[in-house]
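Undergrad: After the structure tokens below, expect a handful of questions from me.
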Amino acid sequence: MNTDRVTVMDHAMVKHKLSILRCKDTPSKLFAELVGELAMMEAYEATRDLPLEDIEIETPLAQTTAQQIEGKKLVIVPILRAGLGMVDGILELIPAARVGHLGMQRDEKTHKPIPYYAKLPTGSENRKILLVDPMLATGGSAIMAIEHLRKMGIKDITFLNLVASPEGIEALLSADPDVHIYTCAIDERLNEDAYIIPGLGDAGDRIFGTK
Ligand code: PRP
Ligand code: URA
């Protein structure tokens, strides 16, 4: 595994919140809140090295040179549906970010993603993209999403994920030579239904209470 392109969030608060997320008795409201909080923490880490520019400001006491984020606004792109749960948390950290959407539905038998929707802000090819999906199982959905973004001419893609399988990480790193993956945990394996073990179940159903 090329570990240069994978960051596993190593923070006590992340581990604590992820344990509550995994627990089958955690209700949808709390589950959705935790997805947002973990997404915000990941976005905080993933934007650590954004380019800065100097600006002149006046404090109440003196003039000084301060810094602000340079360049174009970021675009958050959730993979529907479950990725939607990560958007608001990231927007709290980066309120000026734009939001695009990519709809993918995994076929229950083949486990292959079926794309059903795509809408990105104009000019996305010149912006940094935070592609977000809480689950990276076979990797099929994230790979298809990144292929779509690359075909649009997008160069700068970071994938924010909460729980990954080793198979999904390997597949995504092989499929795309450049994407950087942030995740809170790399679990043991996939089961015969291509669900992550131990994982947290079906993220979309748990966020939206559909089961
Ligand atoms: C889930 C999840 C990912 C995908 C991961 O979505 O949110 O998008 O599966 O699996 P993969 O890595 O094997 O592609 P799902 O297709 O179940 O749709 P949902 O978000 O609408 O529930
Ligand atoms: N999608 C989910 O929501 N959970 C998994 O474990 C795998 C795919």
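Identifiers in this document derive from the order of the structure tokens: chains are assigned A, B, ..., residues are numbered from 1 separately in each chain, and ligands are numbered from 1 in order of occurrence.
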Which residues of chain A sit at most 7 Å from ligand 2, using only C-alpha atoms and all ligand atoms? Give each one's shortest atom pair and distance in Å (one decimal place), in chain and ascending residue order, as JSON lines.
TA:
```
{"residue": "A:Met135", "atom": "CA", "partner": "ligand 2", "partner_atom_place_in_ligand_line": "2 (C)", "distance": 5.5}
{"residue": "A:Leu136", "atom": "CA", "partner": "ligand 2", "partner_atom_place_in_ligand_line": "8 (C)", "distance": 6.8}
{"residue": "A:Ala137", "atom": "CA", "partner": "ligand 2", "partner_atom_place_in_ligand_line": "7 (C)", "distance": 5.0}
{"residue": "A:Ala194", "atom": "CA", "partner": "ligand 2", "partner_atom_place_in_ligand_line": "7 (C)", "distance": 6.0}
{"residue": "A:Tyr195", "atom": "CA", "partner": "ligand 2", "partner_atom_place_in_ligand_line": "6 (O)", "distance": 3.5}
{"residue": "A:Ile196", "atom": "CA", "partner": "ligand 2", "partner_atom_place_in_ligand_line": "6 (O)", "distance": 3.8}
{"residue": "A:Ile197", "atom": "CA", "partner": "ligand 2", "partner_atom_place_in_ligand_line": "6 (O)", "distance": 6.9}
{"residue": "A:Gly199", "atom": "CA", "partner": "ligand 2", "partner_atom_place_in_ligand_line": "6 (O)", "distance": 5.6}
{"residue": "A:Leu200", "atom": "CA", "partner": "ligand 2", "partner_atom_place_in_ligand_line": "6 (O)", "distance": 6.4}
{"residue": "A:Gly201", "atom": "CA", "partner": "ligand 2", "partner_atom_place_in_ligand_line": "4 (N)", "distance": 5.0}
{"residue": "A:Asp202", "atom": "CA", "partner": "ligand 2", "partner_atom_place_in_ligand_line": "3 (O)", "distance": 3.3}
{"residue": "A:Ala203", "atom": "CA", "partner": "ligand 2", "partner_atom_place_in_ligand_line": "3 (O)", "distance": 3.9}
{"residue": "A:Gly204", "atom": "CA", "partner": "ligand 2", "partner_atom_place_in_ligand_line": "3 (O)", "distance": 5.7}
```
Undergrad: Next, dump the selected residues to file, keeping only all heavy atoms, as a CSV table (one decimal), in the first residue's frame.
TA:
```
chain,number,residue,atom,x,y,z
A,135,MET,N,-18.3,5.7,3.3
A,135,MET,CA,-17.9,4.3,3.2
A,135,MET,C,-17.1,4.1,1.9
A,135,MET,O,-17.5,4.5,0.8
A,135,MET,CB,-19.2,3.4,3.1
A,135,MET,CG,-20.2,3.6,4.3
A,135,MET,SD,-19.4,3.6,5.9
A,135,MET,CE,-19.2,1.9,6.2
A,136,LEU,N,-16.0,3.4,2.1
A,136,LEU,CA,-15.2,2.9,0.9
A,136,LEU,C,-15.1,1.4,1.1
A,136,LEU,O,-14.3,0.9,1.9
A,136,LEU,CB,-13.8,3.6,1.0
A,136,LEU,CG,-12.8,3.2,-0.1
A,136,LEU,CD1,-13.3,3.7,-1.5
A,136,LEU,CD2,-11.4,3.7,0.2
A,137,ALA,N,-15.9,0.7,0.3
A,137,ALA,CA,-16.0,-0.8,0.5
A,137,ALA,C,-15.2,-1.4,-0.6
A,137,ALA,O,-14.0,-1.6,-0.5
A,137,ALA,CB,-17.5,-1.2,0.5
A,194,ALA,N,-20.2,-7.5,0.3
A,194,ALA,CA,-19.4,-6.4,0.1
A,194,ALA,C,-19.6,-5.3,1.1
A,194,ALA,O,-19.5,-4.1,0.8
A,194,ALA,CB,-19.4,-5.8,-1.4
A,195,TYR,N,-20.0,-5.7,2.3
A,195,TYR,CA,-20.1,-4.7,3.4
A,195,TYR,C,-18.8,-4.8,4.3
A,195,TYR,O,-18.2,-5.8,4.3
A,195,TYR,CB,-21.3,-5.0,4.3
A,195,TYR,CG,-22.6,-4.3,3.8
A,195,TYR,CD1,-23.2,-4.8,2.7
A,195,TYR,CD2,-23.0,-3.1,4.4
A,195,TYR,CE1,-24.4,-4.1,2.2
A,195,TYR,CE2,-24.1,-2.5,3.9
A,195,TYR,CZ,-24.8,-3.0,2.8
A,195,TYR,OH,-25.9,-2.3,2.3
A,196,ILE,N,-18.5,-3.6,4.8
A,196,ILE,CA,-17.2,-3.6,5.6
A,196,ILE,C,-17.4,-4.2,7.0
A,196,ILE,O,-18.4,-3.9,7.7
A,196,ILE,CB,-16.8,-2.1,5.7
A,196,ILE,CG1,-16.6,-1.5,4.4
A,196,ILE,CG2,-15.5,-2.0,6.6
A,196,ILE,CD1,-16.3,0.1,4.4
A,197,ILE,N,-16.5,-5.1,7.4
A,197,ILE,CA,-16.5,-5.7,8.7
A,197,ILE,C,-15.3,-5.2,9.5
A,197,ILE,O,-14.2,-5.2,9.0
A,197,ILE,CB,-16.4,-7.3,8.5
A,197,ILE,CG1,-17.5,-7.8,7.6
A,197,ILE,CG2,-16.3,-8.0,9.9
A,197,ILE,CD1,-18.9,-7.6,8.2
A,199,GLY,N,-17.1,-2.4,10.4
A,199,GLY,CA,-17.8,-1.3,9.7
A,199,GLY,C,-18.8,-0.7,10.6
A,199,GLY,O,-18.6,-0.5,11.9
A,200,LEU,N,-19.9,-0.2,10.0
A,200,LEU,CA,-21.0,0.5,10.8
A,200,LEU,C,-22.3,0.2,10.2
A,200,LEU,O,-23.3,0.9,10.5
A,200,LEU,CB,-20.7,2.0,11.0
A,200,LEU,CG,-20.3,2.8,9.7
A,200,LEU,CD1,-21.5,3.1,8.8
A,200,LEU,CD2,-19.7,4.1,10.2
A,201,GLY,N,-22.4,-0.7,9.3
A,201,GLY,CA,-23.6,-1.1,8.6
A,201,GLY,C,-23.8,-0.2,7.4
A,201,GLY,O,-22.9,0.2,6.7
A,202,ASP,N,-25.1,0.0,7.0
A,202,ASP,CA,-25.4,0.8,5.8
A,202,ASP,C,-25.5,2.3,6.2
A,202,ASP,O,-26.4,2.7,6.9
A,202,ASP,CB,-26.7,0.4,5.2
A,202,ASP,CG,-27.0,1.0,3.9
A,202,ASP,OD1,-27.0,2.3,3.8
A,202,ASP,OD2,-27.2,0.3,2.9
A,203,ALA,N,-24.5,3.1,5.8
A,203,ALA,CA,-24.4,4.5,6.3
A,203,ALA,C,-25.6,5.3,5.8
A,203,ALA,O,-26.1,6.1,6.6
A,203,ALA,CB,-23.1,5.1,5.7
A,204,GLY,N,-26.0,5.1,4.6
A,204,GLY,CA,-27.1,5.9,4.1
A,204,GLY,C,-28.4,5.6,4.9
A,204,GLY,O,-29.1,6.6,5.3
```
Undergrad: Running DSSP on the backbone, which parts of segment 120-150 of chain A land in strand (DSSP E), as a ChimeraX atom specification?
TA: /A:129-132,135-136
Undergrad: Can you work out which one of A:Ile157, A:Tyr117, A:Phe31, A:Asp4 has the shortest atom-to-atom distance to Ser19 of chain A, counting only C-alpha atoms?
TA: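 Between A:Ile157, A:Tyr117, A:Phe31, A:Asp4, the residue approaching Ser19 of chain A most closely is A:Phe31.
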Undergrad: Produce a table with one row for each residue of chain A that has an atom at most 8 Å from any atom of ligand 1, each row naming the nearest atom pair and its distance in Å at one decimal; use only C-alpha atoms and all ligand atoms; arrange rows by chain and rising residue number; format as a tab-separated table.
TA:
```
residue	atom	partner	partner_atom_place_in_ligand_line	distance
A:Ile79	CA	ligand 1	8 (O)	5.8
A:Leu80	CA	ligand 1	20 (O)	5.2
A:Arg81	CA	ligand 1	20 (O)	3.7
A:Ala82	CA	ligand 1	20 (O)	3.9
A:Gly83	CA	ligand 1	7 (O)	6.3
A:Gly103	CA	ligand 1	21 (O)	7.9
A:Met104	CA	ligand 1	16 (O)	5.8
A:Gln105	CA	ligand 1	16 (O)	3.7
A:Arg106	CA	ligand 1	16 (O)	3.5
A:Asp107	CA	ligand 1	16 (O)	7.0
A:His111	CA	ligand 1	13 (O)	6.0
A:Lys112	CA	ligand 1	14 (O)	6.5
A:Pro113	CA	ligand 1	14 (O)	5.8
A:Asp133	CA	ligand 1	7 (O)	5.7
A:Pro134	CA	ligand 1	7 (O)	6.0
A:Met135	CA	ligand 1	2 (C)	4.8
A:Leu136	CA	ligand 1	12 (O)	4.1
A:Ala137	CA	ligand 1	12 (O)	3.5
A:Thr138	CA	ligand 1	13 (O)	3.6
A:Gly139	CA	ligand 1	12 (O)	3.5
A:Gly140	CA	ligand 1	14 (O)	3.9
A:Ser141	CA	ligand 1	14 (O)	3.7
A:Ala142	CA	ligand 1	14 (O)	6.3
A:Ile143	CA	ligand 1	14 (O)	8.0
A:Gly168	CA	ligand 1	12 (O)	6.1
A:Ala194	CA	ligand 1	13 (O)	6.3
A:Tyr195	CA	ligand 1	13 (O)	7.5
A:Asp202	CA	ligand 1	22 (O)	6.6
A:Ala203	CA	ligand 1	7 (O)	5.9
A:Gly204	CA	ligand 1	22 (O)	3.9
A:Asp205	CA	ligand 1	22 (O)	6.0
```
Undergrad: Fewer than 5 positions away in the same chain doesn't count, so skip those; otherwise give me all residues within 9 Å of segment 175-180 of chain A, counting only C-alpha atoms, as a VMD selection string.
TA: chain A and resid 4 to 7 143 146 to 147 155 to 160 170
Undergrad: With N, CA and C atoms retained, export the selected residues as a compact mmCIF listing (two decimals), in the first residue's frame.
TA:
```txt
# COMPACT_ATOMS: atom_id res chain seq x y z
N ASP A 4 1.88 7.06 1.50
CA ASP A 4 2.01 8.50 1.30
C ASP A 4 0.68 9.13 0.93
N ARG A 5 -0.19 8.37 0.31
CA ARG A 5 -1.45 8.92 -0.18
C ARG A 5 -2.65 8.53 0.69
N VAL A 6 -2.36 7.96 1.87
CA VAL A 6 -3.45 7.60 2.80
C VAL A 6 -3.15 8.19 4.17
N THR A 7 -4.09 8.98 4.69
CA THR A 7 -3.94 9.51 6.05
C THR A 7 -5.06 8.93 6.91
N ILE A 143 -14.20 5.20 -7.20
CA ILE A 143 -13.42 5.14 -8.45
C ILE A 143 -14.23 5.74 -9.60
N ILE A 146 -14.39 9.53 -9.20
CA ILE A 146 -13.13 10.20 -9.55
C ILE A 146 -12.92 10.17 -11.06
N GLU A 147 -13.28 9.05 -11.71
CA GLU A 147 -13.17 9.00 -13.18
C GLU A 147 -14.01 10.11 -13.81
N LYS A 155 -8.12 18.35 -11.56
CA LYS A 155 -6.81 17.79 -11.23
C LYS A 155 -6.63 17.54 -9.73
N ASP A 156 -7.19 18.43 -8.91
CA ASP A 156 -6.88 18.40 -7.48
C ASP A 156 -8.04 17.76 -6.70
N ILE A 157 -7.91 16.45 -6.43
CA ILE A 157 -9.01 15.73 -5.74
C ILE A 157 -8.48 15.10 -4.46
N THR A 158 -9.18 15.38 -3.35
CA THR A 158 -8.91 14.71 -2.08
C THR A 158 -10.19 13.96 -1.69
N PHE A 159 -10.04 12.71 -1.29
CA PHE A 159 -11.20 11.90 -0.93
C PHE A 159 -11.29 11.80 0.60
N LEU A 160 -12.41 12.27 1.15
CA LEU A 160 -12.63 12.19 2.60
C LEU A 160 -13.62 11.07 2.88
N GLU A 170 -6.85 -0.14 -1.57
CA GLU A 170 -5.95 -0.67 -2.60
C GLU A 170 -6.50 -0.36 -4.00
```
Undergrad: Can you check which residues of segment 112-195 of chain A DSSP gives as helix (DSSP H, G or I) on the backbone and send them as an NGL selection string?
TA: :A and (124-126 or 140-151 or 166-175)
Undergrad: Of the candidates A:Lys119, A:Met13, A:Thr3, A:Cys23, which one gets nearest to Leu173 of chain A if we count only C-alpha atoms?
TA: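 Among the listed residues, A:Thr3 lies closest to Leu173 of chain A.
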Undergrad: Val99 of chain A: which residues within 6 Å, counting only C-alpha atoms, same-chain residues fewer than 3 positions away excluded, as a list in words?
TA: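 Selected residues are Val75, Ile76 and Val77 of chain A.
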Undergrad: Would you pick out the contacts of segment 35-38 of chain A at 8 Å or less, using only C-alpha atoms, so that residues sharing its chain but fewer than 3 positions from it are not included, and give the list as a PDB file with N, CA, C and O atoms, in the first residue's frame?
TA:
```pdb
ATOM      1  N   VAL A  14     -11.506  11.451  17.480  1.00  0.00           N
ATOM      2  CA  VAL A  14     -11.996  10.749  16.282  1.00  0.00           C
ATOM      3  C   VAL A  14     -12.317   9.301  16.646  1.00  0.00           C
ATOM      4  O   VAL A  14     -13.378   8.764  16.312  1.00  0.00           O
ATOM      5  N   LYS A  17     -15.539   9.150  18.825  1.00  0.00           N
ATOM      6  CA  LYS A  17     -16.783   9.401  18.074  1.00  0.00           C
ATOM      7  C   LYS A  17     -17.065   8.252  17.102  1.00  0.00           C
ATOM      8  O   LYS A  17     -18.223   7.870  16.898  1.00  0.00           O
ATOM      9  N   LEU A  18     -16.014   7.695  16.510  1.00  0.00           N
ATOM     10  CA  LEU A  18     -16.203   6.586  15.576  1.00  0.00           C
ATOM     11  C   LEU A  18     -16.787   5.358  16.284  1.00  0.00           C
ATOM     12  O   LEU A  18     -17.615   4.636  15.716  1.00  0.00           O
ATOM     13  N   LEU A  21     -20.402   5.828  16.524  1.00  0.00           N
ATOM     14  CA  LEU A  21     -20.976   5.673  15.183  1.00  0.00           C
ATOM     15  C   LEU A  21     -21.154   4.200  14.832  1.00  0.00           C
ATOM     16  O   LEU A  21     -22.152   3.793  14.232  1.00  0.00           O
ATOM     17  N   PHE A  31     -26.318   9.616  15.002  1.00  0.00           N
ATOM     18  CA  PHE A  31     -25.455   9.080  13.943  1.00  0.00           C
ATOM     19  C   PHE A  31     -25.129  10.177  12.926  1.00  0.00           C
ATOM     20  O   PHE A  31     -23.962  10.405  12.580  1.00  0.00           O
ATOM     21  N   ALA A  32     -26.162  10.876  12.472  1.00  0.00           N
ATOM     22  CA  ALA A  32     -25.972  11.931  11.466  1.00  0.00           C
ATOM     23  C   ALA A  32     -25.101  13.058  12.024  1.00  0.00           C
ATOM     24  O   ALA A  32     -24.239  13.603  11.317  1.00  0.00           O
ATOM     25  N   MET A  41     -13.688  17.335  11.187  1.00  0.00           N
ATOM     26  CA  MET A  41     -12.318  17.095  11.667  1.00  0.00           C
ATOM     27  C   MET A  41     -11.410  16.641  10.532  1.00  0.00           C
ATOM     28  O   MET A  41     -10.244  17.031  10.452  1.00  0.00           O
ATOM     29  N   GLU A  42     -11.943  15.810   9.655  1.00  0.00           N
ATOM     30  CA  GLU A  42     -11.139  15.352   8.515  1.00  0.00           C
ATOM     31  C   GLU A  42     -10.818  16.504   7.573  1.00  0.00           C
ATOM     32  O   GLU A  42      -9.693  16.621   7.072  1.00  0.00           O
ATOM     33  N   GLY A  85     -24.372  13.381   4.253  1.00  0.00           N
ATOM     34  CA  GLY A  85     -24.246  13.520   5.704  1.00  0.00           C
ATOM     35  C   GLY A  85     -22.970  14.219   6.128  1.00  0.00           C
ATOM     36  O   GLY A  85     -22.854  14.665   7.267  1.00  0.00           O
ATOM     37  N   MET A  86     -21.977  14.291   5.230  1.00  0.00           N
ATOM     38  CA  MET A  86     -20.696  14.908   5.591  1.00  0.00           C
ATOM     39  C   MET A  86     -20.632  16.389   5.215  1.00  0.00           C
ATOM     40  O   MET A  86     -19.730  17.109   5.650  1.00  0.00           O
ATOM     41  N   VAL A  87     -21.581  16.854   4.403  1.00  0.00           N
ATOM     42  CA  VAL A  87     -21.456  18.196   3.801  1.00  0.00           C
ATOM     43  C   VAL A  87     -21.587  19.319   4.835  1.00  0.00           C
ATOM     44  O   VAL A  87     -20.739  20.226   4.885  1.00  0.00           O
ATOM     45  N   ASP A  88     -22.621  19.286   5.655  1.00  0.00           N
ATOM     46  CA  ASP A  88     -22.862  20.424   6.559  1.00  0.00           C
ATOM     47  C   ASP A  88     -21.713  20.625   7.552  1.00  0.00           C
ATOM     48  O   ASP A  88     -21.352  21.761   7.873  1.00  0.00           O
ATOM     49  N   GLY A  89     -21.148  19.534   8.030  1.00  0.00           N
ATOM     50  CA  GLY A  89     -20.016  19.631   8.958  1.00  0.00           C
ATOM     51  C   GLY A  89     -18.838  20.333   8.302  1.00  0.00           C
ATOM     52  O   GLY A  89     -18.164  21.163   8.913  1.00  0.00           O
ATOM     53  N   ILE A  90     -18.589  20.002   7.026  1.00  0.00           N
ATOM     54  CA  ILE A  90     -17.455  20.635   6.324  1.00  0.00           C
ATOM     55  C   ILE A  90     -17.767  22.105   6.032  1.00  0.00           C
ATOM     56  O   ILE A  90     -16.900  22.974   6.137  1.00  0.00           O
ATOM     57  N   PRO A 134     -18.879   8.481   3.342  1.00  0.00           N
ATOM     58  CA  PRO A 134     -18.428   7.843   4.587  1.00  0.00           C
ATOM     59  C   PRO A 134     -17.900   6.428   4.410  1.00  0.00           C
ATOM     60  O   PRO A 134     -17.124   5.959   5.243  1.00  0.00           O
ATOM     61  N   LEU A 162     -14.946   7.961   6.037  1.00  0.00           N
ATOM     62  CA  LEU A 162     -14.922   7.655   7.472  1.00  0.00           C
ATOM     63  C   LEU A 162     -14.440   6.235   7.758  1.00  0.00           C
ATOM     64  O   LEU A 162     -13.627   6.021   8.651  1.00  0.00           O
TER      65      LEU A 162
END
```
Undergrad: From the set A:Ala43, A:Arg127, A:Lys72, A:Thr59, which residue has the shortest atom-to-atom contact distance to Glu92 of chain A, counting only C-alpha atoms?
TA: A:Ala43
Undergrad: Find the residues around Glu70 of chain A up to 8 Å (only C-alpha atoms counted), leave out those fewer than 5 positions away in its own chain, and share them as a PyMOL selection string.
TA: chain A and resi 50-53
Undergrad: Could you check how far atom CA of Arg48 of chain A sits from atom CA of Leu120 of chain A, in Å to one decimal?
TA: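 Between atom CA of Arg48 of chain A and atom CA of Leu120 of chain A the gap is 24.2 Å.
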Undergrad: Using atom CA of Met144 of chain A and atom CA of Pro115 of chain A as the two end points, give the distance in Å to one decimal.
TA: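 One can read the atom CA of Met144 of chain A to atom CA of Pro115 of chain A distance as 8.2 Å.
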Undergrad: Using atom CA of Gln67 of chain A and atom CA of Asp49 of chain A as the two end points, give the distance in Å to one decimal.
TA: 12.9 Å
